[in-house]
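A.B. asks: File name query-v5.csv; file contents CSV, C-alpha atoms; full text below.
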chain,number,residue,atom,x,y,z
A,1,THR,CA,-5.9,-4.6,-8.3
A,2,VAL,CA,-8.3,-6.5,-10.6
A,3,THR,CA,-9.1,-4.9,-13.9
A,4,GLY,CA,-12.1,-5.4,-16.2
A,5,VAL,CA,-10.2,-7.9,-18.3
A,6,GLN,CA,-9.6,-10.0,-15.3
A,7,THR,CA,-13.3,-9.8,-14.3
A,8,CYS,CA,-14.2,-11.2,-17.8
A,9,ALA,CA,-11.6,-13.9,-17.7
A,10,LEU,CA,-12.2,-15.3,-14.2
A,11,PRO,CA,-15.7,-16.8,-14.8
A,12,ILE,CA,-14.0,-19.1,-17.4
A,13,PHE,CA,-11.8,-20.4,-14.6
A,14,GLU,CA,-14.7,-21.0,-12.2
A,15,GLY,CA,-15.4,-24.4,-13.7
A,16,THR,CA,-11.8,-25.4,-14.3
A,17,PRO,CA,-9.6,-26.6,-11.5
A,18,VAL,CA,-6.2,-24.9,-11.3
A,19,LYS,CA,-3.4,-27.4,-10.7
A,20,LEU,CA,-0.8,-26.5,-8.2
A,21,VAL,CA,2.2,-28.8,-7.6
A,22,ALA,CA,3.7,-28.7,-4.0
A,23,HIS,CA,6.2,-30.8,-2.1
A,24,ALA,CA,4.4,-33.4,0.0
A,25,GLY,CA,5.1,-36.5,2.1
A,26,SER,CA,3.8,-40.0,1.4
A,27,THR,CA,0.7,-39.3,3.5
A,28,GLY,CA,-0.2,-36.2,1.4
A,29,LYS,CA,0.8,-33.7,4.0
A,30,LEU,CA,2.6,-30.7,2.5
A,31,PHE,CA,6.0,-29.5,3.6
A,32,GLY,CA,4.9,-26.0,4.6
A,33,SER,CA,1.7,-24.6,3.2
A,34,VAL,CA,0.2,-23.1,0.0
A,35,THR,CA,-0.1,-19.4,0.2
A,36,ALA,CA,-2.3,-16.9,-1.7
A,37,ALA,CA,0.8,-15.9,-3.7
A,38,ASP,CA,1.3,-19.5,-4.7
A,39,VAL,CA,-2.3,-19.7,-5.9
A,40,ALA,CA,-1.9,-16.4,-7.9
A,41,VAL,CA,1.1,-17.8,-9.7
A,42,ALA,CA,-0.7,-21.1,-10.4
A,43,VAL,CA,-3.6,-19.2,-11.9
A,44,ARG,CA,-1.3,-17.2,-14.1
A,45,ASN,CA,0.7,-20.3,-15.2
A,46,ALA,CA,-2.6,-22.0,-16.1
A,47,GLY,CA,-3.3,-19.1,-18.6
A,48,GLY,CA,-5.5,-17.1,-16.3
A,49,PRO,CA,-5.3,-13.4,-15.4
A,50,ALA,CA,-2.6,-11.9,-13.2
A,51,LEU,CA,-4.2,-11.7,-9.7
A,52,ASP,CA,-3.1,-9.8,-6.7
A,53,LYS,CA,-2.5,-12.2,-3.8
A,54,ARG,CA,-4.5,-9.8,-1.6
A,55,ALA,CA,-7.6,-10.5,-3.8
A,56,LEU,CA,-7.5,-14.2,-3.0
A,57,VAL,CA,-9.3,-15.4,0.2
A,58,LEU,CA,-8.1,-18.7,1.6
A,59,THR,CA,-10.6,-19.9,4.3
A,60,SER,CA,-7.9,-22.0,6.0
A,61,PRO,CA,-4.3,-22.7,5.3
A,62,ILE,CA,-3.7,-25.3,2.6
A,63,LYS,CA,-1.5,-28.0,4.2
A,64,SER,CA,-2.4,-31.2,2.4
A,65,VAL,CA,-3.0,-32.4,-1.2
A,66,GLY,CA,-6.6,-32.2,-2.5
A,67,ASP,CA,-9.1,-29.8,-4.0
A,68,TYR,CA,-9.7,-26.4,-2.3
A,69,LYS,CA,-12.2,-23.6,-3.1
A,70,VAL,CA,-10.6,-20.2,-3.2
A,71,GLN,CA,-12.6,-17.0,-3.3
A,72,VAL,CA,-11.4,-14.1,-5.5
A,73,LYS,CA,-12.5,-10.6,-4.6
A,74,LEU,CA,-13.0,-8.9,-7.9
A,75,HIS,CA,-14.6,-5.8,-6.4
A,76,ASP,CA,-16.0,-4.9,-3.0
A,77,SER,CA,-19.3,-6.5,-3.9
A,78,VAL,CA,-18.2,-9.0,-6.6
A,79,THR,CA,-16.5,-12.3,-5.8
A,80,ALA,CA,-15.8,-15.4,-7.9
A,81,SER,CA,-14.5,-18.8,-6.7
A,82,ILE,CA,-12.0,-21.1,-8.3
A,83,VAL,CA,-11.0,-24.6,-7.4
A,84,VAL,CA,-7.3,-25.2,-6.7
A,85,ASN,CA,-6.1,-28.8,-7.1
A,86,VAL,CA,-3.0,-29.3,-5.0
A,87,VAL,CA,-1.0,-32.3,-6.0
A,88,ALA,CA,2.3,-33.8,-4.8
A,89,GLY,CA,5.2,-33.2,-7.0
Show this structure as structure tokens.

C.D. replies:
Amino acid sequence: TVTGVQTCALPIFEGTPVKLVAHAGSTGKLFGSVTAADVAVAVRNAGGPALDKRALVLTSPIKSVGDYKVQVKLHDSVTASIVVNVVAG
């Protein structure tokens, strides 16, 4: 669950892309896909709050490098969005 501290910390992240390194081929296509759990770990590693993977809403599977907008459900009626920058590594 998301706490009040997380609610305060997430708006700081809304303007800052979160870098996520994934294995990709030379064309930029990932080997597998990025999951909500991967995004939660990347946010935490970037100094953000610990998020439950169920609070993250991926509109479609992330299967290539690039920037993706991910919705975070802070509460039933409150959402924030963060940008995840998937890079090959």

A.B. asks: Which one is closest to A:Lys69: A:Val39, A:Val21, A:Leu51, A:Ala88? Count all atoms listed in the file.

C.D. replies: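 Closest to A:Lys69 of all the choices is A:Val39.
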
A.B. asks: Would you mind reading off the distance between atom CA of A:Ala24 and atom CA of A:Tyr68, one decimal, in Å?

C.D. replies: 15.9 Å

A.B. asks: Using only C-alpha atoms, which of A:Leu56, A:Val43, A:Ile82, A:Leu74 sits nearest A:Leu20?

C.D. replies: A:Val43

A.B. asks: So, counting all atoms listed in the file, which residue among A:Pro49, A:Arg54, A:His23, A:Ile62 is closest to A:Thr35?

C.D. replies: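 Checking each candidate against A:Thr35, we get A:Ile62 as the closest.
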
A.B. asks: Please indicate the distance in Å from atom CA of A:Val84 to atom CA of A:Ala50, rounded to one decimal place.

C.D. replies: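 One can read the atom CA of A:Val84 to atom CA of A:Ala50 distance as 15.5 Å.
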
A.B. asks: Could you tell me which of A:Thr79, A:Asn85, A:Asn45, A:Ser33 comes closest to A:Lys63 if we count all atoms listed in the file?

C.D. replies: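 So, comparing all the options, the nearest one is A:Ser33.
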
A.B. asks: Using all atoms listed in the file, can you tell me which of A:Ala55, A:Leu30, A:Gly25, A:Ala40 comes closest to A:Val78?

C.D. replies: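 Ranked by minimum distance to A:Val78, first place goes to A:Ala55.
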